[in-house]
Each structure stands twice: as C-alpha cells, then as structure tokens.
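Visitor: Enclosed is the structure file entry-v5.txt (compact mmCIF, C-alpha atoms and all ligand atoms).
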# COMPACT_ATOMS: atom_id res chain seq x y z
CA MET A 1 23.63 -22.31 -30.51
CA LEU A 2 25.19 -19.23 -29.03
CA LYS A 3 22.14 -17.21 -29.98
CA SER A 4 19.77 -19.52 -28.16
CA ARG A 5 22.02 -19.44 -25.16
CA ILE A 6 21.97 -15.68 -25.18
CA SER A 7 18.21 -15.54 -25.42
CA ALA A 8 17.92 -18.11 -22.63
CA PHE A 9 20.12 -15.86 -20.57
CA PHE A 10 17.90 -12.87 -21.24
CA ALA A 11 14.76 -14.85 -20.49
CA ALA A 12 16.25 -15.86 -17.15
CA ALA A 13 17.28 -12.27 -16.43
CA VAL A 14 13.78 -11.02 -17.16
CA LEU A 15 12.30 -13.68 -14.89
CA LEU A 16 14.62 -12.62 -12.10
CA VAL A 17 13.91 -8.93 -12.50
CA ALA A 18 10.18 -9.15 -13.15
CA PRO A 19 9.01 -9.93 -9.58
CA ALA A 20 10.90 -6.88 -8.30
CA PHE A 21 9.00 -4.69 -10.75
CA VAL A 22 5.69 -6.22 -9.84
CA SER A 23 6.16 -5.93 -6.10
CA ALA A 24 7.53 -2.41 -6.34
CA ALA A 25 4.95 -0.99 -8.70
CA GLY A 26 1.82 -3.12 -8.51
CA ASP A 27 -1.20 -1.09 -9.50
CA VAL A 28 -1.04 1.49 -6.70
CA HIS A 29 0.49 4.88 -7.20
CA LEU A 30 3.69 5.19 -5.20
CA GLU A 31 4.85 8.57 -3.99
CA ASP A 32 8.38 9.64 -4.71
CA ALA A 33 10.38 9.41 -1.47
CA GLN A 34 13.03 12.13 -1.65
CA ILE A 35 15.44 10.57 0.81
CA ASP A 36 18.96 11.88 1.29
CA LEU A 37 21.41 9.28 2.58
CA GLN A 38 24.00 11.98 3.23
CA ASP A 39 21.66 13.70 5.67
CA LYS A 40 22.95 12.20 8.93
CA ALA A 41 20.36 14.03 11.03
CA SER A 42 17.58 12.44 8.98
CA LEU A 43 19.12 8.96 9.41
CA GLN A 44 19.52 9.57 13.16
CA ARG A 45 15.89 10.62 13.53
CA GLY A 46 14.86 7.61 11.44
CA ALA A 47 16.86 5.31 13.72
CA GLY A 48 15.20 6.80 16.79
CA LEU A 49 11.72 6.41 15.32
CA PHE A 50 12.52 2.87 14.22
CA MET A 51 13.64 1.85 17.70
CA ASN A 52 10.54 3.39 19.27
CA TYR A 53 7.89 2.28 16.82
CA CYS A 54 9.15 -0.68 14.80
CA ALA A 55 11.85 -2.64 16.66
CA ALA A 56 9.34 -4.33 18.95
CA CYS A 57 8.24 -6.41 15.95
CA HIS A 58 10.94 -6.08 13.29
CA SER A 59 14.58 -7.12 13.58
CA LEU A 60 17.47 -5.80 11.48
CA GLN A 61 19.51 -8.96 11.52
CA TYR A 62 22.44 -7.69 9.41
CA MET A 63 22.95 -4.46 11.31
CA ARG A 64 25.05 -4.10 14.44
CA TYR A 65 24.58 -1.22 16.85
CA SER A 66 28.31 -0.50 16.65
CA ARG A 67 28.09 -0.13 12.88
CA LEU A 68 25.13 2.18 13.34
CA ALA A 69 27.14 4.35 15.73
CA GLU A 70 29.99 4.64 13.25
CA ASP A 71 27.91 5.37 10.14
CA LEU A 72 25.46 7.75 11.80
CA GLU A 73 28.20 9.61 13.64
CA LEU A 74 26.92 8.78 17.10
CA THR A 75 29.05 7.85 20.08
CA PRO A 76 28.60 4.33 21.48
CA GLU A 77 27.24 6.02 24.63
CA GLN A 78 24.58 7.86 22.61
CA VAL A 79 23.55 4.62 20.93
CA GLU A 80 23.31 2.85 24.28
CA GLN A 81 21.38 5.69 25.85
CA PHE A 82 18.97 6.64 23.08
CA LEU A 83 18.63 3.69 20.73
CA ILE A 84 19.15 0.39 22.51
CA LYS A 85 16.06 -0.83 24.32
CA GLY A 86 16.50 -3.63 26.80
CA ASP A 87 19.85 -5.18 27.54
CA ALA A 88 21.39 -5.60 24.10
CA LYS A 89 25.13 -4.91 23.84
CA ILE A 90 26.63 -2.44 21.38
CA GLY A 91 28.37 -5.21 19.41
CA GLU A 92 25.19 -7.17 18.81
CA VAL A 93 22.91 -7.23 15.78
CA MET A 94 19.55 -5.50 16.09
CA LYS A 95 17.17 -8.23 17.17
CA THR A 96 13.53 -7.83 18.06
CA GLY A 97 12.02 -8.75 21.40
CA LEU A 98 9.29 -10.63 19.58
CA ALA A 99 9.61 -14.41 19.27
CA LYS A 100 8.79 -15.69 15.78
CA GLY A 101 5.96 -17.90 16.97
CA ASP A 102 4.33 -15.00 18.84
CA GLY A 103 4.34 -12.77 15.77
CA GLN A 104 2.70 -15.52 13.79
CA ALA A 105 0.10 -16.10 16.46
CA TRP A 106 -0.68 -12.44 17.17
CA PHE A 107 -0.64 -10.94 13.70
CA GLY A 108 -1.32 -14.00 11.54
CA LYS A 109 2.09 -13.46 10.03
CA ALA A 110 5.54 -13.09 11.55
CA PRO A 111 6.82 -9.53 11.00
CA PRO A 112 9.66 -9.91 8.47
CA ASP A 113 13.22 -8.85 9.17
CA LEU A 114 13.62 -5.42 7.59
CA SER A 115 17.36 -5.31 6.99
CA THR A 116 16.98 -6.22 3.36
CA THR A 117 13.55 -4.78 2.59
CA ALA A 118 14.90 -1.64 1.02
CA ARG A 119 17.70 -3.39 -0.79
CA GLY A 120 17.90 -3.85 -4.50
CA LYS A 121 14.27 -3.71 -5.47
CA ILE A 122 13.54 -0.85 -7.80
CA GLY A 123 11.52 1.92 -6.19
CA GLN A 124 11.54 0.17 -2.84
CA GLU A 125 12.00 3.36 -0.85
CA ASP A 126 8.92 4.78 -2.56
CA TRP A 127 7.08 1.60 -1.59
CA ILE A 128 8.01 1.84 2.12
CA TYR A 129 7.23 5.55 2.24
CA THR A 130 3.84 5.20 0.59
CA PHE A 131 3.07 2.08 2.66
CA LEU A 132 3.64 4.03 5.90
CA LYS A 133 1.27 6.70 4.62
CA SER A 134 -1.51 4.41 3.46
CA PHE A 135 -2.95 2.76 6.55
CA TYR A 136 -6.65 3.30 7.11
CA VAL A 137 -9.25 2.20 9.64
CA ASP A 138 -10.95 -1.03 8.58
CA GLU A 139 -13.10 -2.69 11.25
CA SER A 140 -13.37 -5.85 9.18
CA ARG A 141 -9.67 -6.61 9.68
CA PRO A 142 -8.47 -8.43 12.83
CA MET A 143 -6.22 -5.52 13.90
CA GLY A 144 -8.72 -2.89 12.77
CA TRP A 145 -6.38 -1.57 10.05
CA ASN A 146 -5.87 -2.07 6.36
CA ASN A 147 -3.46 -0.60 3.83
CA THR A 148 -3.97 0.42 0.21
CA VAL A 149 -0.38 -0.42 -0.76
CA LEU A 150 -0.48 -3.89 0.84
CA ALA A 151 -4.13 -4.90 0.85
CA GLY A 152 -4.99 -7.10 3.84
CA ALA A 153 -1.68 -6.29 5.57
CA SER A 154 -1.23 -8.00 8.94
CA MET A 155 0.61 -4.97 10.25
CA PRO A 156 -1.47 -2.45 12.20
CA ASN A 157 -0.81 1.27 11.87
CA VAL A 158 1.73 1.59 14.66
CA LEU A 159 2.20 5.28 13.88
CA TRP A 160 -1.44 6.27 14.33
CA ASP A 161 -0.77 8.42 17.39
CA LEU A 162 1.51 10.52 15.17
CA GLN A 163 -0.54 10.45 11.97
CA GLY A 164 -4.07 10.24 13.33
CA LYS A 165 -6.70 7.76 12.19
CA GLN A 166 -7.07 7.85 8.44
CA ARG A 167 -10.34 6.74 6.89
CA LYS A 168 -10.75 5.79 3.27
CA THR A 169 -13.46 7.72 1.41
CA GLU A 170 -14.44 8.34 -2.20
CA GLU A 171 -12.36 11.52 -2.12
CA GLY A 172 -9.31 9.72 -0.77
CA PHE A 173 -7.98 9.57 2.79
CA VAL A 174 -9.46 11.85 5.45
CA ILE A 175 -8.65 12.32 9.11
CA GLN A 176 -11.49 13.67 11.21
CA GLU A 177 -10.76 16.56 13.52
CA HIS A 178 -11.18 14.54 16.75
CA GLU A 179 -8.96 11.75 15.37
CA ARG A 180 -5.99 13.88 14.41
CA GLY A 181 -2.53 12.70 15.41
CA ARG A 182 0.20 14.54 17.27
CA LEU A 183 1.95 15.61 14.06
CA SER A 184 0.85 17.89 11.25
CA ASP A 185 0.68 16.27 7.79
CA ALA A 186 4.00 17.84 6.83
CA ASP A 187 5.70 16.66 10.03
CA TYR A 188 4.30 13.17 9.60
CA ASP A 189 5.65 13.02 6.05
CA ARG A 190 9.02 14.14 7.37
CA ALA A 191 8.96 11.42 10.06
CA ILE A 192 8.19 8.60 7.64
CA LEU A 193 10.74 9.96 5.18
CA ASP A 194 13.34 9.69 7.96
CA ILE A 195 12.29 6.09 8.71
CA THR A 196 12.41 5.27 5.00
CA ALA A 197 15.87 6.81 4.68
CA PHE A 198 17.04 4.83 7.70
CA LEU A 199 15.72 1.52 6.30
CA THR A 200 17.26 2.26 2.90
CA TYR A 201 20.61 2.90 4.59
CA VAL A 202 20.28 -0.33 6.60
CA GLY A 203 19.56 -2.22 3.40
CA GLU A 204 22.85 -1.19 2.00
CA PRO A 205 25.23 0.64 4.35
CA ALA A 206 27.92 0.54 1.69
CA ARG A 207 25.80 2.87 -0.43
CA LEU A 208 26.51 5.65 2.03
CA GLN A 209 30.20 5.41 1.33
CA ARG A 210 29.72 4.84 -2.37
CA GLU A 211 27.56 7.95 -2.69
CA SER A 212 30.04 10.20 -0.95
CA LEU A 213 32.79 8.63 -3.05
CA GLY A 214 30.68 9.37 -6.13
CA VAL A 215 30.89 13.09 -5.43
CA TRP A 216 34.70 12.92 -5.40
CA VAL A 217 34.80 10.92 -8.60
CA ILE A 218 32.69 13.56 -10.33
CA LEU A 219 34.80 16.42 -8.98
CA PHE A 220 37.93 14.57 -10.06
CA LEU A 221 36.58 14.01 -13.56
CA SER A 222 35.41 17.62 -13.86
CA PHE A 223 38.83 18.80 -12.83
CA PHE A 224 40.49 16.75 -15.55
CA THR A 225 38.03 17.87 -18.17
CA LEU A 226 38.88 21.43 -17.28
CA LEU A 227 42.58 20.67 -17.41
CA ALA A 228 42.27 19.04 -20.81
CA TYR A 229 40.32 22.05 -22.08
CA LEU A 230 42.94 24.50 -20.84
CA LEU A 231 45.72 22.42 -22.36
CA LYS A 232 43.94 22.37 -25.69
CA GLN A 233 43.59 26.17 -25.58
CA GLU A 234 47.26 26.40 -24.80
CA TYR A 235 48.32 24.16 -27.72
CA TRP A 236 46.07 25.78 -30.31
CA LYS A 237 46.95 29.31 -29.31
CA ASP A 238 50.09 29.38 -31.46
CA ILE A 239 48.57 27.58 -34.42
CA HIS A 240 45.71 30.04 -34.95
C1 LIG A 301 2.93 -4.84 16.06
C2 LIG A 301 3.97 -5.41 15.25
C3 LIG A 301 4.56 -4.50 14.18
C4 LIG A 301 5.14 -3.27 14.36
C5 LIG A 301 5.34 -2.52 15.67
C6 LIG A 301 5.58 -2.84 13.06
N1 LIG A 301 5.29 -3.79 12.11
FE1 LIG A 301 5.81 -3.73 10.15
N2 LIG A 301 4.92 -5.53 9.85
C7 LIG A 301 4.29 -6.29 10.82
C8 LIG A 301 3.72 -7.47 10.20
C9 LIG A 301 2.93 -8.55 10.91
C10 LIG A 301 4.06 -7.40 8.83
C11 LIG A 301 3.68 -8.39 7.73
C12 LIG A 301 2.54 -7.77 6.96
C13 LIG A 301 1.98 -8.65 5.88
O1 LIG A 301 2.78 -9.12 5.06
O2 LIG A 301 0.76 -8.85 5.87
C14 LIG A 301 4.82 -6.17 8.64
C15 LIG A 301 5.32 -5.75 7.43
C16 LIG A 301 6.09 -4.62 7.23
C17 LIG A 301 6.69 -4.22 5.98
C18 LIG A 301 6.61 -4.98 4.66
C19 LIG A 301 7.84 -5.84 4.58
C20 LIG A 301 7.87 -6.70 3.36
O3 LIG A 301 8.96 -6.81 2.78
O4 LIG A 301 6.83 -7.30 3.05
C21 LIG A 301 7.35 -3.05 6.20
C22 LIG A 301 8.16 -2.23 5.19
C23 LIG A 301 7.17 -2.71 7.58
N3 LIG A 301 6.40 -3.69 8.19
C24 LIG A 301 7.68 -1.59 8.18
C25 LIG A 301 7.44 -1.24 9.50
C26 LIG A 301 7.92 0.00 10.09
C27 LIG A 301 8.74 1.04 9.38
C28 LIG A 301 7.49 0.00 11.38
C29 LIG A 301 7.66 1.10 12.39
C30 LIG A 301 7.13 2.38 12.00
C31 LIG A 301 6.77 -1.25 11.61
N4 LIG A 301 6.76 -1.97 10.44
C32 LIG A 301 6.22 -1.63 12.82
C33 LIG A 301 4.20 -5.98 12.16
C34 LIG A 301 4.65 -4.82 12.76
Have the structure of the file written as structure tokens, please.
Ligand code: HEC

Guide:
Amino acid sequence: MLKSRISAFFAAAVLLVAPAFVSAAGDVHLEDAQIDLQDKASLQRGAGLFMNYCAACHSLQYMRYSRLAEDLELTPEQVEQFLIKGDAKIGEVMKTGLAKGDGQAWFGKAPPDLSTTARGKIGQEDWIYTFLKSFYVDESRPMGWNNTVLAGASMPNVLWDLQGKQRKTEEGFVIQEHERGRLSDADYDRAILDITAFLTYVGEPARLQRESLGVWVILFLSFFTLLAYLLKQEYWKDIH
C-alpha cells in the first residue's frame, strides 16, 4: 500500500519535472550562459537593454521599479531617468505599453510576461541566452525572422541592429559584411549575457540575497572546520 503510494508520488514528480527538461533541452544545443548575479553592473546594463529593446512587448508583472532600484543599487532618480519609459511611477510594476490584443494581432501570439521565464526551469538561462543568439533571416516567416531554438517563433530579432543579420547556412550562422551590426561578436555576447542575467534575477530576486548569504555560510563553516582542527591538534598534543 505504502509502496504503491510512494511510486505514485514518484511518477507524479517525474511528470511534473519532465516538461521542464524537455523545454529546456529539446534537441538543440544550448550554450552555457556564464551569468553572475553578484555583478551589479551586468544586471544594470541588462536592465537598460531590456527597457530599450524588450519592454515595448514584454511586461515583468512581478517586478516593481522600486525593487529594481534597491536590488541593483540605483537611486530612484536614476531609475526614473534611465529606465522608466513613459509615465510609469517608481512604485508600479513593470508593464508593457502593448495591449494584449495588439500583440496577438501583430505577432500572431501575445508576447508572454517574462518575469517568470527564467525561474525554476533547469538550464533556462542557457535557453534565453542561446535563443537571443539564434535568430536568422527567413523570408518565409511573417516577420522575416526565424529562430533555431524556438522554430517558427513569432518574435522578430529585435536586436538585429546590434547583432547584424544572421543567415543560416550549411556551415552554421553567417553575417555578411554589409549586414554587420553595431557590436562585435564578443560585445553582442556580452550584451545578451547581461539581458539573460537581468531576466534570471527578475525571475527570482531572492536568489540574489540567497547567493550572497551562501558565501557567508561557507566562510562560517570553513572557520569552524579550522577551529575544530586546531582544537584537535591542541588536545592530541599532550597524548602523543
Ligand atoms: C516586437 C515585440 C517583441 C519584442 C520587442 C521582444 N519580444 Fe520576445 N517575444 C515576442 C513574442 C511575440 C514572443 C512569443 C514567441 C512565440 O512563442 O512564438 C516572444 C517570446 C520571447 C521569449 C520566450 C518566452 C517563453 O517563455 O516562451 C523570450 C525569452 C523573449 N521573448 C525574450 C525577449 C527579449 C530578451 C527581448 C528584448 C531583447 C524581447 N523578447 C523583445 C515579441 C517580442
């Protein structure tokens, strides 16, 4: 009886976890996004890029500007001046200017809220990072863009002026000389890493605190290990 209950529990757990694995891995190779949530400058740059390139379509419905200011070590004035577009107030959540129906009508699919995209799913930051790197020109699509990570994506490559226009060839992606973007490959990778870090932080702001707490816990434990070692030396000294 108990045994069958336990196996039912595991079956349910596997069912719950499985979709996360599938959506995160799929059959495309995901690049390892080396984000650093302690790197405030990276998160700040990511926030700036997000407001400029993504916020027109995507909301972050669980994130308030005031929270952003606090966590990213910005003054409310800086947030108002550099991040807030339009007339949103610092205490508000980060909405998009796009009405749901418009997104549906224009892109065939309403752009999803991104406040939980990076949360929980295994390898999700790798997914976002690789996704932002994998747009290519595809005239057969309504917006003229496709994506190898999300085939048939309704999202166009909004970063093309930075990245350039990638084309898919037998040898992989190429960008022709006259279609290069404003950033070098390395700088583009840096930019999308910053956006990915920012979205990962938004997905779970508590992680920022937990990670910095983690460092203290480890230091604390190391200190006590050392203490125990020294004590042991002290006790055994006389016995030997
Ligand atoms: C012009 C509107 C538009 C802009 C601007 C835009 N997106 Fe999107 N985005 C979409 C649409 C539409 C989808 C849904 C794609 C689909 O599922 O086919 C989407 C999907 C996504 C997804 C997948 C979410 C999920 O869970 O399925 C991510 C991640 C994403 N966008 C990130 C970004 C980032 C980062 C930026 C800024 C660099 C950005 N988007 C800018 C329209 C936009």

Visitor: Have a look at A:Ser212, A:Gln176, A:Ser115, A:Gln34 and name the one nearest to ligand LIG 301 (chain A); count all atoms listed in the file.

Guide: A:Ser115

Visitor: Measure the distance from CA of Leu74 in chain A to CA of Lys40 in chain A in Å and round it to one decimal.

Guide: 9.7 Å

Visitor: Within 10 Å of (22.1, -9.4, 11.0) in the file's own coordinates, which protein, DNA or RNA residues have an atom, counting all atoms listed in the file? List them as a VMD selection string.

Guide: chain A and resid 59 to 64 92 to 95 113 to 116

Visitor: Can you work out which residues are within 7 Å of ligand LIG 301 (chain A), considering all atoms listed in the file, and then hand them over as a list in words?

Guide: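 The residues near ligand LIG 301 (chain A) are Leu49, Phe50, Tyr53, Cys54, Ala55, Ala56, Cys57, His58, Gly103, Phe107, Gly108, Lys109, Ala110, Pro111, Pro112, Leu114, Thr117, Ile128, Leu132, Gly152, Ala153, Ser154, Met155, Pro156, Val158, Leu159 and Ile195 of chain A.
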
Visitor: Which residues of range 141-212 of chain A come within 12 Å of range 27-31 of chain A, and for each one, what is the closest pair of atoms and their distance in Å to one decimal, counting all atoms listed in the file, sorted by chain and residue number, as a Markdown table?

Guide:
| residue | atom | partner | partner_atom | distance |
| --- | --- | --- | --- | --- |
| A:Asn147 | CA | A:Val28 | CA | 11.0 |
| A:Thr148 | CA | A:Val28 | CA | 7.6 |
| A:Val149 | CA | A:Val28 | CA | 6.3 |
| A:Leu150 | CA | A:Val28 | CA | 9.3 |
| A:Ala151 | CA | A:Val28 | CA | 10.4 |
| A:Asp189 | CA | A:Glu31 | CA | 11.0 |
| A:Leu193 | CA | A:Glu31 | CA | 11.0 |

Visitor: So that I can check the surroundings of Asn52 in chain A, please list as a tab-separated table (two decimals) with C-alpha atoms, in the frame of the given file every protein, DNA and RNA residue that reaches within 10 Å of it, counting all atoms listed in the file and ignoring chain neighbours fewer than 4 positions away.

Guide:
chain	number	residue	atom	x	y	z
A	46	GLY	CA	14.86	7.61	11.44
A	47	ALA	CA	16.86	5.31	13.72
A	48	GLY	CA	15.20	6.80	16.79
A	56	ALA	CA	9.34	-4.33	18.95
A	82	PHE	CA	18.97	6.64	23.08
A	83	LEU	CA	18.63	3.69	20.73
A	84	ILE	CA	19.15	0.39	22.51
A	85	LYS	CA	16.06	-0.83	24.32

Visitor: Expressed in Å to a single decimal, how great is the separation between CA of Leu68 in chain A and CA of Glu204 in chain A?

Guide: 12.0 Å

Visitor: Quick one: distance from CA of Lys165 in chain A to CA of Asp39 in chain A in Å, one decimal?

Guide: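 CA of Asp39 in chain A lies at a distance of 29.7 Å from CA of Lys165 in chain A.
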
Visitor: Check the smallest atom-to-atom distance from each of A:Ala69, A:Leu98, A:Ala191, A:Ala197 to Leu37 in chain A using all atoms listed in the file, then report the winner.

Guide: A:Ala197

Visitor: Return the single residue from A:Gln124, A:Gln81, A:Ser222, A:Gln233 that is closest to Thr200 in chain A, with distances computed using all atoms listed in the file.

Guide: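 Residue with the minimum atom-to-atom distance to Thr200 in chain A: A:Gln124.
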